[in-house]
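Colleague: Would you mind keeping the following structure in view while I ask a few things?
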Number of protein chains: 4
Amino acid sequence: MLKYSVILGNLGNTCDRFLSSGYKDVLSKEDLVRQASEIEGVKGIELVGTWDVTLENAHDMKGLLDKYGLSCVSIIPDHFGQKKWGRGSLSAKDATTRSMALDYTRECVEIARILKCPTLNIWPGQDGFDYSLQSHLVQERKWLEENLYLLASEAPDIRFSLEYKPKEPRNFSFMARASDTLLMAKQIGLDNVGVTIDTGHSFVAGENVAEAAVILQEYGNKLFHMHFNDNYNAWDDDMIVGSVHFPIYVELLFWLKETGYDGWYSMDQYPYREEGKGALEASVKFLQMIDRRLTDDRRGELRNLITNGNAVETQNWLLDTFFIQS
Amino acid sequence: MLKYSVILGNLGNTCDRFLSSGYKDVLSKEDLVRQASEIEGVKGIELVGTWDVTLENAHDMKGLLDKYGLSCVSIIPDHFGQKKWGRGSLSAKDATTRSMALDYTRECVEIARILKCPTLNIWPGQDGFDYSLQSHLVQERKWLEENLYLLASEAPDIRFSLEYKPKEPRNFSFMARASDTLLMAKQIGLDNVGVTIDTGHSFVAGENVAEAAVILQEYGNKLFHMHFNDNYNAWDDDMIVGSVHFPIYVELLFWLKETGYDGWYSMDQYPYREEGKGALEASVKFLQMIDRRLTDDRRGELRNLITNGNAVETQNWLLDTFFIQS
Amino acid sequence: MLKYSVILGNLGNTCDRFLSSGYKDVLSKEDLVRQASEIEGVKGIELVGTWDVTLENAHDMKGLLDKYGLSCVSIIPDHFGQKKWGRGSLSAKDATTRSMALDYTRECVEIARILKCPTLNIWPGQDGFDYSLQSHLVQERKWLEENLYLLASEAPDIRFSLEYKPKEPRNFSFMARASDTLLMAKQIGLDNVGVTIDTGHSFVAGENVAEAAVILQEYGNKLFHMHFNDNYNAWDDDMIVGSVHFPIYVELLFWLKETGYDGWYSMDQYPYREEGKGALEASVKFLQMIDRRLTDDRRGELRNLITNGNAVETQNWLLDTFFIQS
Amino acid sequence: MLKYSVILGNLGNTCDRFLSSGYKDVLSKEDLVRQASEIEGVKGIELVGTWDVTLENAHDMKGLLDKYGLSCVSIIPDHFGQKKWGRGSLSAKDATTRSMALDYTRECVEIARILKCPTLNIWPGQDGFDYSLQSHLVQERKWLEENLYLLASEAPDIRFSLEYKPKEPRNFSFMARASDTLLMAKQIGLDNVGVTIDTGHSFVAGENVAEAAVILQEYGNKLFHMHFNDNYNAWDDDMIVGSVHFPIYVELLFWLKETGYDGWYSMDQYPYREEGKGALEASVKFLQMIDRRLTDDRRGELRNLITNGNAVETQNWLLDTFFIQS
């Protein structure tokens, strides 16, 4: 049985640069948590700093999660959603900003402890650059690495899972691809530092996401967390899983099992104009469908297909295994 | 029942710029035709000029097709595979080349008549440009239009179906997208001039291919022919249908029916390293599976879903309608 | 002398989906107008509905523009920035919404008349779809066309310039590419309906933007307006002109002159983290530099180069003509 | 003074999958070498295995290079251009093929020694996969790593520079991006194993190529070699340097100097329809132009600009520093 979770904010109002007030109404936190708890199979929740949880409301949030039987699987510190981080957080050119980012992340460690949450999912979306010749490419990457080392060494009880994304909101992120981020994690060299794959970020990076997972696992079991969504490959559209692609999700779920990934399968979408709960539920159902078909026997068949590498046989196997033929 | 066909050369040897001798062995024409005839559901064949058919061997080819019970659904004149067309054919800067391209296309009209083939599928792959400031953008497009008008007006018994593709072998093609090419067809203004959609070319163009089909049909029933394959959106990888995407093929088949498309469903792949017959067969089987599920009743359901536009409901419908749930 | 203008909002605060309060401070309208007037060479301004101008403040805005010596070159009706347009405006599935969108656009016609502005730049960013099988591709496009016909026929004194963009905020826009939009304009069939090119939208569409301009001009002088910016081809990054690409801007300016475009050269950027005035000024200076070099003599040279199509000669010409060699 | 070289085959005939006989005439090896020697500033040559050099003709080739005053800067073993490598070379599923690939690469070591060439540029273009569920992602990557370790440990006098490319001829390459390949090099753990950047491959990978260079240099001086060309970001178009982009090349040359890269600046293009020598020469001239402007003083200015990160100032600096203003 896979462990499914969702990001709380996916259930709420979402905005973009043209409609900054958002496409939907703002719901109460309790409504969001309750909705999450009603999605069949979902047992975990991810919370975004500032938006969902702060040091002030952490105990209240813990109460809500307990009430609805959800555990907090990760906290995503808000390194991206406030003006002060607009030019970077942990790698900002401005020393005061870097220092504030350190302090704020330490606060998130406290929040995680209050919520009995094992993982900070670090997505420093503003750390990167937009223009050629804008970034000190040596120094700024180093600051990011050093600050992550500092934080992770201070809090050995918390896992720091670095989430990569090629671009947005910066045109180039410092943590852009699986291997870039793994290199950083290895350079940091601490057991509690690993990597998060977001399937959509991986598609935009041009990666085969199953291969990204394998690389992270093979170079030291560094795949700490998984975010799921779908898109059209060019941008992080954050859509329902399976609404664009199909075989790649089979390949991904197969290799997650093969390489011993035992973490959460977390939905991360932006259902701008969709009913949030239904959109997350549809994704979970799609993954559950694949998971049900990937029995031990069929994974045995897949191992043989993969060893042979005959694409025709594999496509026929996919057709027969997953699709209604009548 | 949809009418399926294949491009003969897809069964043979295929090469690329690094392995110009090709990945596989060269088979005899009869072997290729026989293999095509053995794919369940396939009744039609497309032939490429020079590679598959010339004025010299047209009668022999007719004999072969008759022997194996296949009809020739289109001929693709070779406007791309010889050194003389390297800088363009019907729109080449060189007047002699344009004239040769006209003569050669007229020859293809003769070949089509010999083969009782109703359609020339015009893919002028070398007509375009690579660099900024390399093409006389007004004049060259005009030459292309004028020459197509000339050819189509001379042969009113033959349909000229213009196949668009954004790039390759040129970095920019003159017939790049559905609407560009429809504009050209409308400018030419003859009933026997329409457009071919290749699904993979449409993906690379960033189009929703179902929308491209609708536009062509709505602006005058100008969708003459369909090529099927799959790819990763960035390049014309010419893969097995359904090996990357899924819902878009449902949407496409639905709208082809809705808009009254009654032409061929032709496979156009480059199975570089795959056994050709199996690769084409897998594509046909994938489309047949979708087609079987798109019964009248279910298309009625889809009409309602499309009228409502609720993506969650539609994703759930796709999951329930197409995938084995146990 | 080219006529330069800017979009007023580019000088103000800009936000994205992660930082909805925006990266910068909010300035007063007068500050924005004054800044625009201080950019050397800029004589025109574009205003966005709701954000910059409404029926209520139109006379005040006229006063401001007069005070600072700027003319209003286009108004961009707000078909995208309010919750009510979240699922479409002029092509919304909901009849009441379509009716509201018509009324609102008529209001913009009134605003334009008050401001002596000749052009509505129509960018229906929410009109499109996100998922396969979500849009009634026939009906919704027809509504868009019919409503645009209605509006343009009611206001023959105002030009309606349709701005295309492949995606964002919808994953697929109905007005996606130059030719799609030209087809729509031709279908509408009114002299006061044409097309706006935004260079960045064209890059994302995979077009050669100079070719897009030529197509619009050759099929009936339908290029009504130009927006300038730069990006990395995958997304509408709305950057300073020339910060990524170079030769394509030379090709574009050349063909705008060749095809008799005499409209405005308007900057349309999103300088999220940059000082707005400086960012727009840098773009204007880049275009002025190219324009100064494109003397009559040099355009004569270019005509020869384009007729020959020798890329090596043209690259050498670009190097010698534009770059300091010492 | 930068050290410029070219790949010999760029001067010869080039083909693609549609025109397998190539766009140009085949010249003699001596003609190609002589042409290379005539490009101002070029002192080095790269040779492709099979195509340009074999064990049989290595001594003759050495004679030719000596005659024309060129040194061989790298040999690119042919791991891609023969049917036997069609499904992979050093990581092929077939053990015999892997063994043959080892033997062949050892032969290339011998060739390098004969030619006094310090570097094998390893581009295993066929090592990767096309379809989901086709590759044993763990095992095949391991074979590649092990075989490279074996080869590099056997020949400590030769540098093995691993050239990455996201795709083509496979839809996914095992050496796809800078960091993936650096991870492999670090895993191999030998001083004579590093990485080659091809600017066009990096563009296709969505990297900022200057950042890729910095990462390789910062994590252990692993940038061994540079290939230069330009493209439209979506595909390896192998065009003249500067024919699409500009500022990124300034950023790249700046950081190559900052990080102490002292290797060759090698042109790698596919001038399908252009005169080869002229196309390479235009690239070298473009880089020389940038290099001349990047004096010590101006690099000092750039250091300040990069420390500030003000994109407006930097764009103005680029405009003033590189472009003729009159």
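Ordered as shown in the structure tokens, chains take letters A, B, and onward, while each chain numbers its residues from 1 and ligands are numbered from 1 in the order shown.
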Please identify which residues in region 232-300 of chain D DSSP calls strand (DSSP E or B) from the backbone, and express them as a list in words.

Modeller: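 Output for region 232-300 of chain D, strand (DSSP E or B) only: Met239, His245, Trp264, Tyr265, Ser266 and Met267 of chain D.
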
Colleague: With a distance cut-off of 12 Å and only C-alpha atoms, select the neighbouring residues of Ser89 (chain C), excluding the residue or stretch itself and same-chain residues fewer than 3 positions from it, and output the selection as a PyMOL selection string.

Modeller: chain C and resi 77-86+92-105+122-128+140-141+143-144+147-148+174

Colleague: Select residues of chain A: the criterion is any atom within 9 Å of an atom of chain C, counting only C-alpha atoms; output as a ChimeraX atom specification.

Modeller: /A:14-24,80-87,125,130-132,169,171,232,234-235,237,239,243-244,272-273

Colleague: Please provide as a list of chain:residue names all residues within 7 Å of Lys277 (chain B), with the sequence filter that same-chain residues fewer than 3 positions apart are discarded (counting only C-alpha atoms).

Modeller: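 Result of the neighbour search: B:Leu11, B:Gln35, B:Ala36, B:Leu280, B:Glu281.
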
Colleague: Kindly save the residues from that selection, with N, CA, C and O atoms included, as a PDB file, in the first residue's frame.

Modeller:
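Output file out-v4.pdb is given in full below:
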ATOM      1  N   LEU B  11       8.273   0.384 -42.518  1.00  0.00           N
ATOM      2  CA  LEU B  11       8.589  -1.029 -42.310  1.00  0.00           C
ATOM      3  C   LEU B  11      10.037  -1.344 -42.661  1.00  0.00           C
ATOM      4  O   LEU B  11      10.528  -2.428 -42.341  1.00  0.00           O
ATOM      5  N   GLN B  35       4.328  -7.454 -45.424  1.00  0.00           N
ATOM      6  CA  GLN B  35       4.233  -7.161 -43.985  1.00  0.00           C
ATOM      7  C   GLN B  35       3.094  -6.182 -43.688  1.00  0.00           C
ATOM      8  O   GLN B  35       2.333  -6.362 -42.730  1.00  0.00           O
ATOM      9  N   ALA B  36       2.996  -5.159 -44.510  1.00  0.00           N
ATOM     10  CA  ALA B  36       1.914  -4.185 -44.300  1.00  0.00           C
ATOM     11  C   ALA B  36       0.561  -4.884 -44.365  1.00  0.00           C
ATOM     12  O   ALA B  36      -0.331  -4.621 -43.544  1.00  0.00           O
ATOM     13  N   LEU B 280       4.154  -0.664 -35.982  1.00  0.00           N
ATOM     14  CA  LEU B 280       2.959  -0.096 -36.609  1.00  0.00           C
ATOM     15  C   LEU B 280       1.703  -0.775 -36.055  1.00  0.00           C
ATOM     16  O   LEU B 280       0.689  -0.126 -35.784  1.00  0.00           O
ATOM     17  N   GLU B 281       1.793  -2.080 -35.891  1.00  0.00           N
ATOM     18  CA  GLU B 281       0.669  -2.850 -35.376  1.00  0.00           C
ATOM     19  C   GLU B 281       0.282  -2.370 -33.974  1.00  0.00           C
ATOM     20  O   GLU B 281      -0.904  -2.262 -33.647  1.00  0.00           O
TER      21      GLU B 281
END

Colleague: Leaving out Ala152 (chain C) and any residue of its chain fewer than 6 positions from it, which residues lie within 8 Å of it when counting only C-alpha atoms, given as an mmCIF file with N, CA, C and O atoms, in the first residue's frame?

Modeller:
data_model
loop_
_atom_site.group_PDB
_atom_site.id
_atom_site.type_symbol
_atom_site.label_atom_id
_atom_site.label_comp_id
_atom_site.auth_asym_id
_atom_site.auth_seq_id
_atom_site.Cartn_x
_atom_site.Cartn_y
_atom_site.Cartn_z
ATOM 1 N N ILE C 158 -13.049 52.362 -34.111
ATOM 2 C CA ILE C 158 -12.009 51.804 -33.246
ATOM 3 C C ILE C 158 -11.436 50.558 -33.919
ATOM 4 O O ILE C 158 -12.161 49.731 -34.442
ATOM 5 N N ARG C 159 -10.108 50.445 -33.870
ATOM 6 C CA ARG C 159 -9.467 49.230 -34.394
ATOM 7 C C ARG C 159 -9.403 48.182 -33.288
ATOM 8 O O ARG C 159 -9.019 48.481 -32.155
ATOM 9 N N PHE C 160 -9.736 46.962 -33.623
ATOM 10 C CA PHE C 160 -9.642 45.846 -32.677
ATOM 11 C C PHE C 160 -8.447 44.996 -33.093
ATOM 12 O O PHE C 160 -8.468 44.339 -34.132
ATOM 13 N N LEU C 190 -13.830 42.271 -41.113
ATOM 14 C CA LEU C 190 -14.014 43.721 -41.009
ATOM 15 C C LEU C 190 -12.662 44.421 -41.072
ATOM 16 O O LEU C 190 -11.664 43.923 -40.537
ATOM 17 N N ASN C 192 -11.605 46.912 -39.526
ATOM 18 C CA ASN C 192 -11.051 47.382 -38.256
ATOM 19 C C ASN C 192 -10.675 46.241 -37.315
ATOM 20 O O ASN C 192 -10.540 46.447 -36.111
ATOM 21 N N VAL C 193 -10.515 45.051 -37.862
ATOM 22 C CA VAL C 193 -10.037 43.927 -37.053
ATOM 23 C C VAL C 193 -8.705 43.432 -37.610
ATOM 24 O O VAL C 193 -8.620 43.072 -38.789
#

Colleague: Go through A:Glu251, A:Glu107, A:Asp262, A:Asp268 one by one, measure the shortest atom-to-atom distance of each to Gly200 (chain A) using only C-alpha atoms, and give the residue with the smallest value.

Modeller: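 Using only C-alpha atoms, the shortest distance to Gly200 (chain A) belongs to A:Asp268.
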